[in-house]
Each structure stands twice: as structure tokens, then as C-alpha cells.
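What follows is the content of final_31.cif (mmCIF, C-alpha atoms and all ligand atoms).
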data_final
loop_
_atom_site.group_PDB
_atom_site.id
_atom_site.type_symbol
_atom_site.label_atom_id
_atom_site.label_comp_id
_atom_site.auth_asym_id
_atom_site.auth_seq_id
_atom_site.Cartn_x
_atom_site.Cartn_y
_atom_site.Cartn_z
ATOM 1 C CA MET Q 13 -60.052 97.398 -12.182
ATOM 2 C CA VAL Q 14 -62.868 96.090 -10.050
ATOM 3 C CA ALA Q 15 -61.989 92.516 -10.925
ATOM 4 C CA ARG Q 16 -58.380 93.098 -9.964
ATOM 5 C CA LEU Q 17 -59.425 94.541 -6.645
ATOM 6 C CA GLY Q 18 -61.606 91.522 -6.043
ATOM 7 C CA ALA Q 19 -58.751 89.176 -6.830
ATOM 8 C CA ALA Q 20 -56.468 91.070 -4.491
ATOM 9 C CA ALA Q 21 -59.062 90.916 -1.742
ATOM 10 C CA ALA Q 22 -59.509 87.190 -2.283
ATOM 11 C CA LEU Q 23 -55.769 86.673 -2.129
ATOM 12 C CA LEU Q 24 -55.555 88.682 1.057
ATOM 13 C CA LEU Q 25 -58.346 86.608 2.557
ATOM 14 C CA ILE Q 26 -56.547 83.389 1.710
ATOM 15 C CA VAL Q 27 -53.318 84.630 3.190
ATOM 16 C CA VAL Q 28 -54.987 85.875 6.354
ATOM 17 C CA SER Q 29 -57.060 82.753 6.915
ATOM 18 C CA GLY Q 30 -54.039 80.599 6.165
ATOM 19 C CA ALA Q 31 -52.028 82.393 8.776
ATOM 20 C CA ARG Q 32 -54.811 81.985 11.294
ATOM 21 C CA ALA Q 33 -55.151 78.273 10.601
ATOM 22 C CA GLU Q 34 -51.476 77.763 11.275
ATOM 23 C CA ASN Q 35 -51.718 78.316 14.985
ATOM 24 C CA LEU Q 36 -55.378 77.695 15.527
ATOM 25 C CA ASP Q 37 -54.952 75.933 18.821
ATOM 26 C CA ALA Q 38 -51.931 77.795 20.093
ATOM 27 C CA GLY Q 39 -52.393 79.503 23.413
ATOM 28 C CA LYS Q 40 -55.974 78.391 23.899
ATOM 29 C CA SER Q 41 -57.150 77.366 27.310
ATOM 30 C CA GLY Q 42 -58.500 73.898 27.934
ATOM 31 C CA ALA Q 43 -62.019 75.259 28.254
ATOM 32 C CA ARG Q 44 -61.687 77.070 24.955
ATOM 33 C CA LEU Q 45 -60.295 74.005 23.222
ATOM 34 C CA PHE Q 46 -63.111 71.905 24.539
ATOM 35 C CA ALA Q 47 -65.762 74.360 23.416
ATOM 36 C CA ASP Q 48 -64.215 74.570 19.966
ATOM 37 C CA SER Q 49 -63.449 70.972 19.156
ATOM 38 C CA CYS Q 50 -65.192 68.677 21.593
ATOM 39 C CA ALA Q 51 -68.485 70.250 22.614
ATOM 40 C CA SER Q 52 -70.139 69.285 19.333
ATOM 41 C CA CYS Q 53 -70.128 65.665 20.482
ATOM 42 C CA HIS Q 54 -69.614 65.918 24.221
ATOM 43 C CA ARG Q 55 -72.157 68.328 25.594
ATOM 44 C CA SER Q 56 -70.325 68.644 28.857
ATOM 45 C CA ALA Q 57 -66.721 68.188 29.855
ATOM 46 C CA ARG Q 58 -67.856 67.035 33.246
ATOM 47 C CA GLY Q 59 -67.499 63.345 33.881
ATOM 48 C CA LEU Q 60 -65.286 62.656 30.878
ATOM 49 C CA ALA Q 61 -62.113 62.270 32.885
ATOM 50 C CA LYS Q 62 -63.798 59.624 35.047
ATOM 51 C CA GLY Q 63 -61.119 59.855 37.667
ATOM 52 C CA ARG Q 64 -58.385 58.796 35.262
ATOM 53 C CA PHE Q 65 -54.820 59.784 35.852
ATOM 54 C CA ARG Q 66 -53.812 62.920 34.068
ATOM 55 C CA LEU Q 67 -51.189 61.021 32.091
ATOM 56 C CA THR Q 68 -53.678 58.387 30.974
ATOM 57 C CA LEU Q 69 -56.032 61.112 29.898
ATOM 58 C CA TYR Q 70 -53.283 62.981 28.150
ATOM 59 C CA LEU Q 71 -52.217 59.928 26.153
ATOM 60 C CA PHE Q 72 -55.814 59.131 25.284
ATOM 61 C CA LEU Q 73 -56.486 62.640 24.035
ATOM 62 C CA GLN Q 74 -53.286 62.833 22.092
ATOM 63 C CA GLN Q 75 -53.907 59.481 20.480
ATOM 64 C CA HIS Q 76 -57.563 59.973 19.662
ATOM 65 C CA TYR Q 77 -58.119 63.639 19.141
ATOM 66 C CA THR Q 78 -55.362 66.196 19.155
ATOM 67 C CA SER Q 79 -52.148 66.056 17.253
ATOM 68 C CA SER Q 80 -50.619 68.743 19.415
ATOM 69 C CA SER Q 81 -49.225 67.747 22.775
ATOM 70 C CA ASP Q 82 -49.849 71.248 24.101
ATOM 71 C CA ALA Q 83 -53.534 70.963 23.348
ATOM 72 C CA ALA Q 84 -53.737 67.472 24.804
ATOM 73 C CA SER Q 85 -52.032 68.699 27.934
ATOM 74 C CA ALA Q 86 -54.330 71.704 28.314
ATOM 75 C CA LEU Q 87 -57.363 69.536 27.678
ATOM 76 C CA SER Q 88 -56.441 66.838 30.146
ATOM 77 C CA THR Q 89 -55.881 69.456 32.824
ATOM 78 C CA TYR Q 90 -59.221 71.007 32.020
ATOM 79 C CA LEU Q 91 -61.115 67.711 31.957
ATOM 80 C CA GLN Q 92 -59.657 66.783 35.317
ATOM 81 C CA SER Q 93 -60.558 70.119 36.823
ATOM 82 C CA VAL Q 94 -64.224 69.748 35.917
ATOM 83 C CA ASP Q 95 -64.500 66.039 36.567
ATOM 84 C CA THR Q 96 -66.993 65.010 39.195
ATOM 85 C CA PRO Q 97 -65.076 64.169 42.343
ATOM 86 C CA ALA Q 98 -64.963 60.514 43.277
ATOM 87 C CA GLY Q 99 -66.434 61.202 46.688
ATOM 88 C CA ALA Q 100 -69.434 63.090 45.343
ATOM 89 C CA PRO Q 101 -72.656 62.170 47.078
ATOM 90 C CA ALA Q 102 -74.414 59.457 45.155
ATOM 91 C CA ARG Q 103 -77.972 59.955 44.100
ATOM 92 C CA LYS Q 104 -80.500 58.474 46.419
ATOM 93 C CA THR Q 105 -81.460 55.060 45.232
ATOM 94 C CA SER Q 106 -85.060 54.306 44.481
ATOM 95 C CA ALA Q 107 -84.963 51.571 47.079
ATOM 96 C CA ARG Q 108 -84.193 54.121 49.735
ATOM 97 C CA ARG Q 109 -86.941 56.393 48.540
ATOM 98 C CA SER Q 110 -89.574 53.654 48.467
ATOM 99 C CA LEU Q 111 -88.528 52.651 51.941
ATOM 100 C CA SER Q 112 -89.247 56.076 53.359
ATOM 101 C CA ARG Q 113 -92.429 56.287 51.327
ATOM 102 C CA GLY Q 114 -93.587 52.885 52.620
ATOM 103 C CA GLU Q 115 -93.400 54.074 56.181
ATOM 104 C CA THR Q 116 -97.055 55.126 56.203
ATOM 105 C CA ARG Q 117 -98.095 51.983 57.994
ATOM 106 C CA PRO Q 118 -97.383 52.087 61.723
ATOM 107 C CA PRO Q 119 -94.663 49.709 62.800
ATOM 108 C CA ARG Q 120 -95.959 46.373 64.004
ATOM 109 C CA PRO Q 121 -95.690 45.789 67.712
ATOM 110 C CA PRO Q 122 -93.411 42.961 68.659
ATOM 111 C CA LEU Q 123 -95.044 39.608 69.309
ATOM 112 C CA PRO Q 124 -96.118 39.357 72.898
ATOM 113 C CA VAL Q 125 -93.887 37.048 74.834
ATOM 114 C CA ARG Q 126 -95.923 34.343 76.525
ATOM 115 C CA GLY Q 127 -94.598 33.565 79.884
ATOM 116 C CA HIS Q 128 -94.613 30.005 81.161
HETATM 117 C C1 LIG Q 201 -67.105 63.369 16.469
HETATM 118 C C2 LIG Q 201 -67.551 63.304 17.816
HETATM 119 C C3 LIG Q 201 -66.554 63.527 18.934
HETATM 120 C C4 LIG Q 201 -65.725 64.598 19.102
HETATM 121 C C5 LIG Q 201 -65.585 65.830 18.227
HETATM 122 C C6 LIG Q 201 -65.008 64.361 20.329
HETATM 123 N N1 LIG Q 201 -65.380 63.157 20.863
HETATM 124 FE FE1 LIG Q 201 -64.656 62.339 22.586
HETATM 125 N N2 LIG Q 201 -65.745 60.674 22.237
HETATM 126 C C7 LIG Q 201 -66.642 60.506 21.207
HETATM 127 C C8 LIG Q 201 -67.223 59.193 21.314
HETATM 128 C C9 LIG Q 201 -68.261 58.596 20.364
HETATM 129 C C10 LIG Q 201 -66.631 58.577 22.439
HETATM 130 C C11 LIG Q 201 -66.878 57.200 22.980
HETATM 131 C C12 LIG Q 201 -67.956 57.335 24.008
HETATM 132 C C13 LIG Q 201 -68.017 56.184 24.926
HETATM 133 O O1 LIG Q 201 -67.262 55.240 24.766
HETATM 134 O O2 LIG Q 201 -68.846 56.282 25.840
HETATM 135 C C14 LIG Q 201 -65.713 59.544 23.010
HETATM 136 C C15 LIG Q 201 -64.959 59.329 24.150
HETATM 137 C C16 LIG Q 201 -64.207 60.288 24.775
HETATM 138 C C17 LIG Q 201 -63.527 60.119 26.029
HETATM 139 C C18 LIG Q 201 -63.514 58.865 26.860
HETATM 140 C C19 LIG Q 201 -64.797 58.853 27.634
HETATM 141 C C20 LIG Q 201 -65.014 57.589 28.350
HETATM 142 O O3 LIG Q 201 -66.141 57.454 28.829
HETATM 143 O O4 LIG Q 201 -64.120 56.768 28.451
HETATM 144 C C21 LIG Q 201 -62.892 61.279 26.324
HETATM 145 C C22 LIG Q 201 -62.038 61.596 27.557
HETATM 146 C C23 LIG Q 201 -63.178 62.181 25.240
HETATM 147 N N3 LIG Q 201 -63.970 61.553 24.331
HETATM 148 C C24 LIG Q 201 -62.719 63.476 25.166
HETATM 149 C C25 LIG Q 201 -62.862 64.276 24.060
HETATM 150 C C26 LIG Q 201 -62.174 65.523 23.892
HETATM 151 C C27 LIG Q 201 -61.249 66.162 24.917
HETATM 152 C C28 LIG Q 201 -62.539 66.003 22.677
HETATM 153 C C29 LIG Q 201 -62.049 67.271 21.996
HETATM 154 C C30 LIG Q 201 -60.645 67.297 21.660
HETATM 155 C C31 LIG Q 201 -63.463 65.059 22.081
HETATM 156 N N4 LIG Q 201 -63.609 64.025 22.962
HETATM 157 C C32 LIG Q 201 -64.066 65.229 20.859
HETATM 158 C C33 LIG Q 201 -66.955 61.422 20.235
HETATM 159 C C34 LIG Q 201 -66.323 62.623 20.035
#

Let's see the structure in the file written out as C-alpha cells.
Amino acid sequence: MVARLGAAAALLLIVVSGARAENLDAGKSGARLFADSCASCHRSARGLAKGRFRLTLYLFLQQHYTSSSDAASALSTYLQSVDTPAGAPARKTSARRSLSRGETRPPRPPLPVRGH
């Protein structure tokens, strides 16, 4: 009796998990898809799109990662939305920083012009 119940429960579990696996990615948002299948390797979605066209991104994702075009589409939209904008302010270069730090010496006066 108990064994039968266990077998029935196991069967139910298989059926339920099978049904869930069928449409695992259906209806998920890009952010959700990324968190589920990409975040293990890519810690952040930011900067992955690298200013690529959405179509380029879409083809790349479909070819390399997702078999479903819906998921690839959602992901490419998401990656683009979190991509760092091209016109983002660049980090200050070290050259610039050392320049402002080197300004401790007073500027040299210009050479005196000797009149004739
Ligand atoms: C098993 C680890 C792994 C998983 C999971 C993974 N990626 Fe990648 N991905 C990589 C590696 C490695 C590269 C190559 C990195 C490089 O060339 O700098 C890469 C490259 C990329 C690139 C191109 C980046 C570039 O600099 O040109 C994109 C876009 C990308 N992945 C998106 C995704 C998306 C979206 C997912 C989820 C569907 C995903 N990745 C899942 C490992 C992974």
C-alpha cells in the first residue's frame, strides 16, 4: 500500500516536472531569462550588447544560446535596454589625474624678453 502510494507520487512528480519543462522559457521576461540561464557565466547583463544592432544580437543569441526565437528576441531586447550607452562619460584617464596632481609646483614665469 505504502509502496504503491510512493510509486504514484513519483509518477505524479515526473508528469508534473515534465509538463513544466515543456514550456520552461515561455512567457519569461528578458531579465528573467538572463537570470536563469546566463547569469551563471555573465555576472551582469550590462555591457554585453556592446552597442550591437538588435538583429545582430538576436542572431548571435539564437545561434549560440537559445533554441527559441522568442527567448532570443526577449533577451536581445533586454541586453540592449541595459547596455551602457555609447555616449557614457569615459572614466578619467590616469594621465589626466596625474596632470592635476602634478600641479603643486607653481607655474614657471615666462622667460624675460631682453630688449635690444
Ligand atoms: C557557460 C557559460 C556561459 C553561459 C551560460 C552564457 N554565456 Fe554568453 N558568453 C560566454 C563566454 C565564455 C563568452 C565569450 C566571452 C568573450 O568573448 O569575451 C560569451 C559571450 C557572450 C556574448 C558576446 C559578448 C561579447 O563581448 O562579444 C553575449 C552577447 C552573450 N555571451 C550573451 C549571453 C546570454 C544572453 C546568455 C544566456 C542565454 C549567455 N550569454 C550565457 C559564456 C556563457

Please, which residues have at least one atom within 10 Å of an atom of ligand LIG 201 (chain Q), using all atoms listed in the file, listed as a PDB file with C-alpha atoms, in the frame of the given file?
ATOM      1  CA  GLY Q  42     -58.500  73.898  27.934  1.00  0.00           C
ATOM      2  CA  ALA Q  43     -62.019  75.259  28.254  1.00  0.00           C
ATOM      3  CA  LEU Q  45     -60.295  74.005  23.222  1.00  0.00           C
ATOM      4  CA  PHE Q  46     -63.111  71.905  24.539  1.00  0.00           C
ATOM      5  CA  ALA Q  47     -65.762  74.360  23.416  1.00  0.00           C
ATOM      6  CA  ASP Q  48     -64.215  74.570  19.966  1.00  0.00           C
ATOM      7  CA  SER Q  49     -63.449  70.972  19.156  1.00  0.00           C
ATOM      8  CA  CYS Q  50     -65.192  68.677  21.593  1.00  0.00           C
ATOM      9  CA  ALA Q  51     -68.485  70.250  22.614  1.00  0.00           C
ATOM     10  CA  SER Q  52     -70.139  69.285  19.333  1.00  0.00           C
ATOM     11  CA  CYS Q  53     -70.128  65.665  20.482  1.00  0.00           C
ATOM     12  CA  HIS Q  54     -69.614  65.918  24.221  1.00  0.00           C
ATOM     13  CA  ARG Q  55     -72.157  68.328  25.594  1.00  0.00           C
ATOM     14  CA  SER Q  56     -70.325  68.644  28.857  1.00  0.00           C
ATOM     15  CA  ALA Q  57     -66.721  68.188  29.855  1.00  0.00           C
ATOM     16  CA  ARG Q  58     -67.856  67.035  33.246  1.00  0.00           C
ATOM     17  CA  GLY Q  59     -67.499  63.345  33.881  1.00  0.00           C
ATOM     18  CA  LEU Q  60     -65.286  62.656  30.878  1.00  0.00           C
ATOM     19  CA  ALA Q  61     -62.113  62.270  32.885  1.00  0.00           C
ATOM     20  CA  LYS Q  62     -63.798  59.624  35.047  1.00  0.00           C
ATOM     21  CA  ARG Q  64     -58.385  58.796  35.262  1.00  0.00           C
ATOM     22  CA  THR Q  68     -53.678  58.387  30.974  1.00  0.00           C
ATOM     23  CA  LEU Q  69     -56.032  61.112  29.898  1.00  0.00           C
ATOM     24  CA  TYR Q  70     -53.283  62.981  28.150  1.00  0.00           C
ATOM     25  CA  PHE Q  72     -55.814  59.131  25.284  1.00  0.00           C
ATOM     26  CA  LEU Q  73     -56.486  62.640  24.035  1.00  0.00           C
ATOM     27  CA  GLN Q  74     -53.286  62.833  22.092  1.00  0.00           C
ATOM     28  CA  HIS Q  76     -57.563  59.973  19.662  1.00  0.00           C
ATOM     29  CA  TYR Q  77     -58.119  63.639  19.141  1.00  0.00           C
ATOM     30  CA  THR Q  78     -55.362  66.196  19.155  1.00  0.00           C
ATOM     31  CA  SER Q  79     -52.148  66.056  17.253  1.00  0.00           C
ATOM     32  CA  ALA Q  83     -53.534  70.963  23.348  1.00  0.00           C
ATOM     33  CA  ALA Q  84     -53.737  67.472  24.804  1.00  0.00           C
ATOM     34  CA  ALA Q  86     -54.330  71.704  28.314  1.00  0.00           C
ATOM     35  CA  LEU Q  87     -57.363  69.536  27.678  1.00  0.00           C
ATOM     36  CA  SER Q  88     -56.441  66.838  30.146  1.00  0.00           C
ATOM     37  CA  TYR Q  90     -59.221  71.007  32.020  1.00  0.00           C
ATOM     38  CA  LEU Q  91     -61.115  67.711  31.957  1.00  0.00           C
ATOM     39  CA  GLN Q  92     -59.657  66.783  35.317  1.00  0.00           C
TER      40      GLN Q  92
END

> Can you tell me how far CA of Gly39 (chain Q) sits from CA of Gly63 (chain Q), in Å to one decimal?
Replying inline: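 Separating CA of Gly39 (chain Q) from CA of Gly63 (chain Q) is a distance of 25.8 Å.
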
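Using all atoms listed in the file for every distance, the candidate list Q:Thr96, Q:Arg126, Q:Leu67, Q:Arg44 yields Q:Leu67 as the residue closest to Ser81 (chain Q).
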